[in-house]
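The structure appears below as structure tokens.
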Amino acid sequence: MKIKSWSVMILAGLASALQPAIGADRSATLTVQTDGAKPISEDLFGIFFEDLNYAADGGLYAELVQNRSFDYTPASEQGWDALSFWTLEKRGDAEGQLISDYADPIHPNNPLYAVIGVKNPGDGIGVSNPGFNGIVVEAGETYDFSVFARQLSNPAGPLSVQLETKDGEVIAQQELPTVDAKWRKYTAELKPSKSTTDARIVLLVKHKGRLGIDMVSLFPRKTFKGRPNGLRADLAQIIADLKPKFMRFPGGCLVHGDGIDNMYRWKDTIGPVEQRKGQRNIWRYHQSLGLGYYEYFQFCEDIGAKPLPVVPAGVSCQNSGGSVTKEGGQGQQCIPMDDMPAFIQDVLDLIEWANGPVDSEWGSKRAEAGHPEPFNLKYLGVGNEDVISEGFKVRYKMISDAVKAKYPEIVVIGTTGPHPGGHDYDEGWKFAREHQLDMVDEHGYRPHSWFWQNVERFDRYERTGTKVYVGEYASRANTLEAALAESAYMISFERNGDLVHFSSYAPLLAKQGFTQWRIDMIYFDNVTVSPSVNYYAQQLFSIHSGDVYLPTEIEEEDAAVSTSDNGVLLGTWNTQAQFDDLKVVSGGKKVLDADFDREEKDWKTVHGEWKMSGGVYEQTGRGTPTKSMISFDAKRSDYTVTLKAKKTGGPEGFLIGFGALDPETHYWLNLGGWGNTGHQLQAVADGASSDFGPRVPGRIEMGRWYDIKIQVSGKRVTCYLDGELIVEATDPGLKKMDLAASTVRDTKTGDIIVKIVSKADDAIKTAIDLSALGPFKGHALCTVLTGDPLAKNHFGQAPSVLPESATIKVSEKFVHELPANSLTIIRIPAK
């Protein structure tokens, strides 16, 4: 039986040495400079592993038996109990029963076990387990079986283990030694005689009495790197093929948990697996913690990735007891202050466990597990997507201060909440700057247009102080179009690699049929591993990374935005409103006067339910957002918009658009946004918005008319509400961007690496100027990811979108054709 797995390592070019034909009608220029070159993070592209979508048990963790320690409960999944996925097997005229018990368990952390009560052994009585939707075995391979067992009554007797097909055919069998009255571990090697994807493990007893069993385990001998208690080889390898520079683990929301009692505690995950303390997963299933901190650190070491563990910041998920497991909820819960010293000591003990000498208390436990050398931990995440409450701030600072006092070399990474904007983001950055945090973790799951609109996001950040880790981001699709948008965003990471230190796409893994999150990087089942298009974009950036950024400009000819076409929009967000007396004045002349006393035919409804009624323009729908637009001729650089607006229903305020090129590309003043908490100017391109200027507190009241004024003078935008100045900012420019580019040098090899992303639907002839690097001629490896923008790599099928490589001729100035909808990487060797 062949296990399917698709992964491509872009390490060498194909045999072709042909220069691409130049025939594109569109053209662009790309210029690389050495002046202004700067060192950037060499660890920019990594991975984030969370036990989500059955990523660990039933996934990366190679254990083949489900509920092996009989500790499933309804708290993990409604309808589950200690005997879920176990079936009482009665062969011949056997009679007996199967129950769970808790008297005298193997270990207090593992309180339940199963009891097989044999009244009549017949041809055998026992239990079977189908694993995680079937156990996959290959003929001739070795599988390591183990079980803890003890005889509870009657004389001891033998125990047999076998692998069976779903039809009951025995394909492997071994007799275990006689079981006595003490808990002991019994082992066997099983070599199946045939391959199957739906085997089950069967334990049979052929003597009367009561037999206790626990920790029933089956592992393939061929785990990743041959590690005992190891990882599924094909799935681990495809992650290793990403060449990640770091790995964040064991999760995000998983870490702070569904309430204080559900926080992820690293000490429960180390030591012998039968002594680990499994618990319900915040994502509504169970985590055995067989894949624990030791295995995570070992995996990091095996794939050459720096470990980046995350611990709770002393607070639980803000959705605790609510959207995760049941209706209602208690929100963010804080560890009581009396318990914080012990919690902080656990964090300090983690660092000692990872880095301490073998004669230290916790370093000795690492050594006992088989790793006397330190793991060289340098980074520690504290918190994940937390609401930046006062409770969070106090506890985060307590943890961070304690770590810095004892281990000043550790870089502590904070959080700016769940979104790349809004109240928690603002409060998170304010807190980070006030307390000079080393680094903060930003997250952003957004439509692909948002990533293009934000390719200059980090250009505007302060260059000193707190660094940035873009810890979770994805464009909510597994299409080429989405992967290219994410690539454009990664271009911005490289350009700002002096500030952005780490980045990782999320989520990493998803098991078919067991997903809580639908847009992921790698999909798998028990047999197949299918990388998405997004996977290959991530792989290309990681393989072709550098540690020095060279200033790069790319500009498409004839791509300038018109300065005469203009328009205004009226809109709301899940809110109903009325508008009146809209005027636009430009150059001292009134270019638009809409009093809505009569039908205004030039207004175009984009979204929402708009009508003119009683001398006002009214929106009664609940769209997010609603929009109506009118266009006119006027200079875009000097004009004033005035109007009146009244909220008649809904939770927010008004969206007043101006400088509109089209309904999806414009500016707007967001009044009473973010749950009616603030006012903010935003630039919108291709439907995705980015903030500019300050966000100021403010709200819009129900049932009263507001006077609104927006004045544009050159690049200065000034906004008034009821005659009072509320916000003033510099126009960042509306860019309908089709291209993004960066250039880096890998100082280890001396190679120059040019990356270009195009979302244009046509090929673009690009003049590339590398003359600042000095005169040269030669060949380079050119790798391209391209195709239909809506193309996907479908699960279980050969990928439809794959990178392709060829050698091309290069010199200090050359012309290269960028394919439509493409990521192009040109790697120029040092010699």
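The way I read the labels, and the way they are meant: chains A, B, ... in the order of the structure tokens, residue 1 as the first residue of every chain, and ligand 1 as the first ligand shown, with later ones counted on from there.
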
TODO: Using DSSP on the backbone, list every residue of range 279-469 of chain A that comes out as helix (DSSP H, G or I), and give them as a VMD selection string.
DONE: chain A and resid 293 to 303 337 to 355 361 to 368 390 to 406 423 to 434 448 to 453 457 to 460

For the contact check between range 445-537 of chain A and range 222-235 of chain A, emit one row per residue of range 445-537 of chain A within 9 Å, containing the shortest atom pair and the distance in Å rounded to one decimal, counting only C-alpha atoms, chain then rising number order, as a Markdown table.
```
| residue | atom | partner | partner_atom | distance |
| --- | --- | --- | --- | --- |
| A:Ile522 | CA | A:Leu235 | CA | 8.9 |
| A:Phe524 | CA | A:Leu235 | CA | 8.1 |
| A:Thr528 | CA | A:Asp234 | CA | 8.9 |
| A:Val529 | CA | A:Leu235 | CA | 6.7 |
```

Task: Spatial neighbours of Asp144 in chain A, 12 Å, only C-alpha atoms, chain gap at least 4 places, as an MDAnalysis selection string - done: chainID A and resid 62:65 137 161:163 172 174 186:192 201 216:223 228:230

TODO: Fewer than 6 positions away in the same chain doesn't count, so skip those; otherwise give me all residues within 6 Å of range 97-100 of chain A, counting only C-alpha atoms, as a count of residues only.
DONE: 5

- [ ] Identify, on the basis of only C-alpha atoms, every residue whose closest approach to range 103-111 of chain A does not exceed 8 Å; exclude the query and any residue fewer than 2 positions from it along the same chain; express the result as a PyMOL selection string.
- [x] chain A and resi 69+71+101+113+183+214+274-278

Please produce a file of the residues just selected, as an mmCIF file, in the first residue's frame, where the atoms kept are all heavy atoms.
```cif
data_model
loop_
_atom_site.group_PDB
_atom_site.id
_atom_site.type_symbol
_atom_site.label_atom_id
_atom_site.label_comp_id
_atom_site.auth_asym_id
_atom_site.auth_seq_id
_atom_site.Cartn_x
_atom_site.Cartn_y
_atom_site.Cartn_z
ATOM 1 N N SER A 69 -6.093 5.640 26.992
ATOM 2 C CA SER A 69 -6.038 5.578 28.454
ATOM 3 C C SER A 69 -7.413 5.720 29.093
ATOM 4 O O SER A 69 -7.517 5.980 30.286
ATOM 5 C CB SER A 69 -5.094 6.654 28.998
ATOM 6 O OG SER A 69 -5.523 7.942 28.601
ATOM 7 N N ASP A 71 -9.781 7.936 29.077
ATOM 8 C CA ASP A 71 -10.080 9.169 29.814
ATOM 9 C C ASP A 71 -10.912 10.163 29.006
ATOM 10 O O ASP A 71 -10.979 11.335 29.340
ATOM 11 C CB ASP A 71 -8.785 9.837 30.313
ATOM 12 C CG ASP A 71 -7.776 10.069 29.201
ATOM 13 O OD1 ASP A 71 -8.084 9.787 28.035
ATOM 14 O OD2 ASP A 71 -6.665 10.542 29.518
ATOM 15 N N ASP A 101 -13.076 1.814 35.687
ATOM 16 C CA ASP A 101 -12.902 1.864 37.140
ATOM 17 C C ASP A 101 -11.801 2.873 37.456
ATOM 18 O O ASP A 101 -11.015 3.272 36.575
ATOM 19 C CB ASP A 101 -12.532 0.487 37.678
ATOM 20 C CG ASP A 101 -12.859 0.339 39.162
ATOM 21 O OD1 ASP A 101 -13.233 1.362 39.795
ATOM 22 O OD2 ASP A 101 -12.716 -0.774 39.682
ATOM 23 N N TYR A 113 -9.324 3.456 34.094
ATOM 24 C CA TYR A 113 -8.847 2.343 33.280
ATOM 25 C C TYR A 113 -10.044 1.440 32.985
ATOM 26 O O TYR A 113 -11.140 1.630 33.528
ATOM 27 C CB TYR A 113 -7.732 1.564 33.986
ATOM 28 C CG TYR A 113 -8.082 1.051 35.368
ATOM 29 C CD1 TYR A 113 -8.644 -0.213 35.556
ATOM 30 C CD2 TYR A 113 -7.832 1.836 36.497
ATOM 31 C CE1 TYR A 113 -8.954 -0.676 36.816
ATOM 32 C CE2 TYR A 113 -8.151 1.387 37.767
ATOM 33 C CZ TYR A 113 -8.715 0.126 37.931
ATOM 34 O OH TYR A 113 -9.026 -0.334 39.179
ATOM 35 N N TRP A 183 0.299 -3.495 38.378
ATOM 36 C CA TRP A 183 0.347 -2.812 37.080
ATOM 37 C C TRP A 183 1.741 -2.984 36.480
ATOM 38 O O TRP A 183 2.742 -2.635 37.085
ATOM 39 C CB TRP A 183 0.056 -1.315 37.229
ATOM 40 C CG TRP A 183 -1.377 -0.939 37.418
ATOM 41 C CD1 TRP A 183 -1.935 -0.362 38.516
ATOM 42 C CD2 TRP A 183 -2.429 -1.083 36.460
ATOM 43 N NE1 TRP A 183 -3.274 -0.143 38.322
ATOM 44 C CE2 TRP A 183 -3.612 -0.573 37.056
ATOM 45 C CE3 TRP A 183 -2.508 -1.606 35.166
ATOM 46 C CZ2 TRP A 183 -4.835 -0.558 36.410
ATOM 47 C CZ3 TRP A 183 -3.739 -1.586 34.506
ATOM 48 C CH2 TRP A 183 -4.879 -1.074 35.129
ATOM 49 N N ASP A 214 -4.863 -0.536 30.730
ATOM 50 C CA ASP A 214 -4.744 0.910 30.537
ATOM 51 C C ASP A 214 -3.601 1.179 29.556
ATOM 52 O O ASP A 214 -2.742 0.315 29.334
ATOM 53 C CB ASP A 214 -4.485 1.619 31.870
ATOM 54 C CG ASP A 214 -4.903 3.075 31.846
ATOM 55 O OD1 ASP A 214 -5.269 3.581 30.758
ATOM 56 O OD2 ASP A 214 -4.849 3.726 32.912
ATOM 57 N N GLU A 274 2.256 7.549 30.588
ATOM 58 C CA GLU A 274 1.176 7.079 31.458
ATOM 59 C C GLU A 274 0.974 7.979 32.671
ATOM 60 O O GLU A 274 -0.020 7.853 33.391
ATOM 61 C CB GLU A 274 1.438 5.632 31.915
ATOM 62 C CG GLU A 274 2.601 5.450 32.876
ATOM 63 C CD GLU A 274 3.934 5.266 32.176
ATOM 64 O OE1 GLU A 274 4.002 5.507 30.952
ATOM 65 O OE2 GLU A 274 4.909 4.872 32.852
ATOM 66 N N GLN A 275 1.927 8.929 32.881
ATOM 67 C CA GLN A 275 1.811 9.843 34.012
ATOM 68 C C GLN A 275 1.413 11.257 33.571
ATOM 69 O O GLN A 275 1.343 12.165 34.400
ATOM 70 C CB GLN A 275 3.137 9.894 34.771
ATOM 71 C CG GLN A 275 3.535 8.568 35.395
ATOM 72 C CD GLN A 275 4.854 8.631 36.129
ATOM 73 O OE1 GLN A 275 5.377 9.712 36.426
ATOM 74 N NE2 GLN A 275 5.435 7.469 36.424
ATOM 75 N N ARG A 276 1.154 11.446 32.299
ATOM 76 C CA ARG A 276 0.749 12.766 31.811
ATOM 77 C C ARG A 276 -0.751 12.968 32.030
ATOM 78 O O ARG A 276 -1.513 12.009 32.071
ATOM 79 C CB ARG A 276 1.114 12.922 30.336
ATOM 80 C CG ARG A 276 2.613 12.798 30.102
ATOM 81 C CD ARG A 276 3.001 13.056 28.664
ATOM 82 N NE ARG A 276 4.425 12.782 28.447
ATOM 83 C CZ ARG A 276 5.065 12.977 27.305
ATOM 84 N NH1 ARG A 276 4.397 13.459 26.258
ATOM 85 N NH2 ARG A 276 6.353 12.694 27.201
ATOM 86 N N LYS A 277 -1.129 14.217 32.144
ATOM 87 C CA LYS A 277 -2.503 14.535 32.529
ATOM 88 C C LYS A 277 -3.256 15.101 31.329
ATOM 89 O O LYS A 277 -3.240 16.297 31.070
ATOM 90 C CB LYS A 277 -2.502 15.542 33.682
ATOM 91 C CG LYS A 277 -3.861 15.776 34.311
ATOM 92 C CD LYS A 277 -3.735 16.725 35.494
ATOM 93 C CE LYS A 277 -5.065 16.952 36.170
ATOM 94 N NZ LYS A 277 -4.943 17.867 37.328
ATOM 95 N N GLY A 278 -3.909 14.215 30.575
ATOM 96 C CA GLY A 278 -4.701 14.664 29.437
ATOM 97 C C GLY A 278 -5.895 15.489 29.883
ATOM 98 O O GLY A 278 -6.302 15.465 31.040
#
```

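Note that CA of Asp43 in chain A and CA of Leu30 in chain A are 25.9 Å apart.
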
Task: For Leu242 in chain A: contacts at 12 Å, only C-alpha atoms, fewer than 3 positions along chain excluded, given as a PyMOL selection string - done: chain A and resi 7-11+45-48+235-239+245-247+303-305+504-505+508+521-522+531+534-545

Write out, as a tab-separated table (two decimals), in the first residue's frame, the residues just selected, with C-alpha atoms.
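Dumped everything to selection.tsv:
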```tsv
chain	number	residue	atom	x	y	z
A	7	SER	CA	5.86	17.87	-1.27
A	8	VAL	CA	8.25	19.71	-3.54
A	9	MET	CA	11.66	20.92	-2.46
A	10	ILE	CA	12.80	23.72	-4.74
A	11	LEU	CA	16.52	23.10	-4.53
A	45	PHE	CA	9.64	32.48	8.23
A	46	GLY	CA	8.57	29.74	10.62
A	47	ILE	CA	5.57	27.63	11.56
A	48	PHE	CA	2.85	27.67	14.18
A	235	LEU	CA	3.28	14.41	8.00
A	236	ALA	CA	6.37	15.45	9.97
A	237	GLN	CA	8.48	15.35	6.81
A	238	ILE	CA	6.20	17.65	4.87
A	239	ILE	CA	6.46	20.13	7.74
A	245	LYS	CA	13.38	28.80	11.09
A	246	PHE	CA	11.28	28.46	14.26
A	247	MET	CA	8.20	26.69	15.58
A	303	ILE	CA	13.97	20.04	11.76
A	304	GLY	CA	16.42	22.82	12.68
A	305	ALA	CA	13.75	25.20	14.02
A	504	SER	CA	3.93	32.13	10.67
A	505	TYR	CA	0.85	31.18	8.64
A	508	LEU	CA	-0.83	24.52	9.93
A	521	MET	CA	-1.92	24.96	5.08
A	522	ILE	CA	-1.70	21.15	5.00
A	531	PRO	CA	-0.31	20.56	0.75
A	534	ASN	CA	-0.49	28.38	0.28
A	535	TYR	CA	1.98	25.73	1.47
A	536	TYR	CA	4.16	26.15	-1.60
A	537	ALA	CA	4.23	29.93	-1.29
A	538	GLN	CA	5.32	29.58	2.35
A	539	GLN	CA	7.94	27.01	1.39
A	540	LEU	CA	9.41	29.22	-1.33
A	541	PHE	CA	9.79	32.20	1.00
A	542	SER	CA	11.40	30.08	3.71
A	543	ILE	CA	13.84	28.28	1.39
A	544	HIS	CA	14.77	31.50	-0.39
A	545	SER	CA	15.16	33.74	2.65
```

Open item on the list: Residues within 12 Å of Asp525 in chain A, please, as a ChimeraX atom specification. Count only C-alpha atoms; anything in the same chain fewer than 6 positions from it doesn't count.
Closed with: /A:3-5,53-55,58-60,132-136,197,232,234-235,509-515,531,795-796

With the cut-off set at 10 Å and counting only C-alpha atoms, tabulate each residue of range 350-448 of chain A with an atom at most that distance from an atom of range 664-681 of chain A, showing the nearest atom pair and its distance in Å to one decimal, ordered by chain and increasing number, as a Markdown table.
```
| residue | atom | partner | partner_atom | distance |
| --- | --- | --- | --- | --- |
| A:Gly421 | CA | A:Trp674 | CA | 9.7 |
| A:Gly422 | CA | A:Trp674 | CA | 6.8 |
| A:His423 | CA | A:Trp674 | CA | 7.9 |
```

Task: Residues of range 214-460 of chain A in strand (DSSP E), written as a ChimeraX atom specification - done: /A:214-220,246-249,279-280,286-287,306-311,379-382,411-415,439-445

Task: Nearest to Glu701 in chain A, chosen from A:Gly363, A:Gly650, A:Gly657, A:Pro357, with only C-alpha atoms counted in the distances - done: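 When distances to Glu701 in chain A are compared using only C-alpha atoms, the smallest one comes from A:Gly650.
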
Open item on the list: Counting only C-alpha atoms, which residue out of A:Leu44, A:Ala477, A:Ala685, A:Met737 sits closest to Pro789 in chain A?
Closed with: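 With only C-alpha atoms as the atom set, the closest residue is A:Ala477.
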
Task: Option closest in space to Met490 in chain A, from A:Val179, A:Val273, A:Ala474, A:Val568 [counting only C-alpha atoms] - done: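 Of A:Val179, A:Val273, A:Ala474, A:Val568, the one nearest Met490 in chain A, counting only C-alpha atoms, is A:Ala474.
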
Mind running range 713-817 of chain A against range 625-645 of chain A at 8 Å and telling me each contacting residue's nearest atom pair with the distance in Å (one decimal), counting only C-alpha atoms, chain and number ascending, as JSON lines?
```
{"residue": "A:Ser713", "atom": "CA", "partner": "A:Asp638", "partner_atom": "CA", "distance": 4.6}
{"residue": "A:Gly714", "atom": "CA", "partner": "A:Ser637", "partner_atom": "CA", "distance": 4.7}
{"residue": "A:Lys715", "atom": "CA", "partner": "A:Ser637", "partner_atom": "CA", "distance": 7.0}
```

Output file for the selection above: N, CA and C atoms, as a short mmCIF file (atom, residue, chain, number, x, y, z; two decimals), in the first residue's frame:
```
data_model
loop_
_atom_site.label_atom_id
_atom_site.label_comp_id
_atom_site.auth_asym_id
_atom_site.auth_seq_id
_atom_site.Cartn_x
_atom_site.Cartn_y
_atom_site.Cartn_z
N SER A 713 -7.14 68.86 1.51
CA SER A 713 -6.25 69.90 0.98
C SER A 713 -4.90 69.27 0.71
N GLY A 714 -4.62 69.00 -0.58
CA GLY A 714 -3.41 68.26 -0.90
C GLY A 714 -3.50 66.86 -0.31
N LYS A 715 -2.53 66.51 0.52
CA LYS A 715 -2.55 65.20 1.16
C LYS A 715 -3.06 65.27 2.60
#
```

- [ ] Using only C-alpha atoms, pick whichever of A:Asn67, A:Thr29, A:Ser475, A:Ser316 has the shortest atom-to-atom distance to Val255 in chain A.
- [x] A:Ser316

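If only C-alpha atoms are the atoms counted, then among A:Thr416, A:Ser771, A:Gln578, A:Ser805 the closest residue to Gly614 in chain A is A:Gln578.
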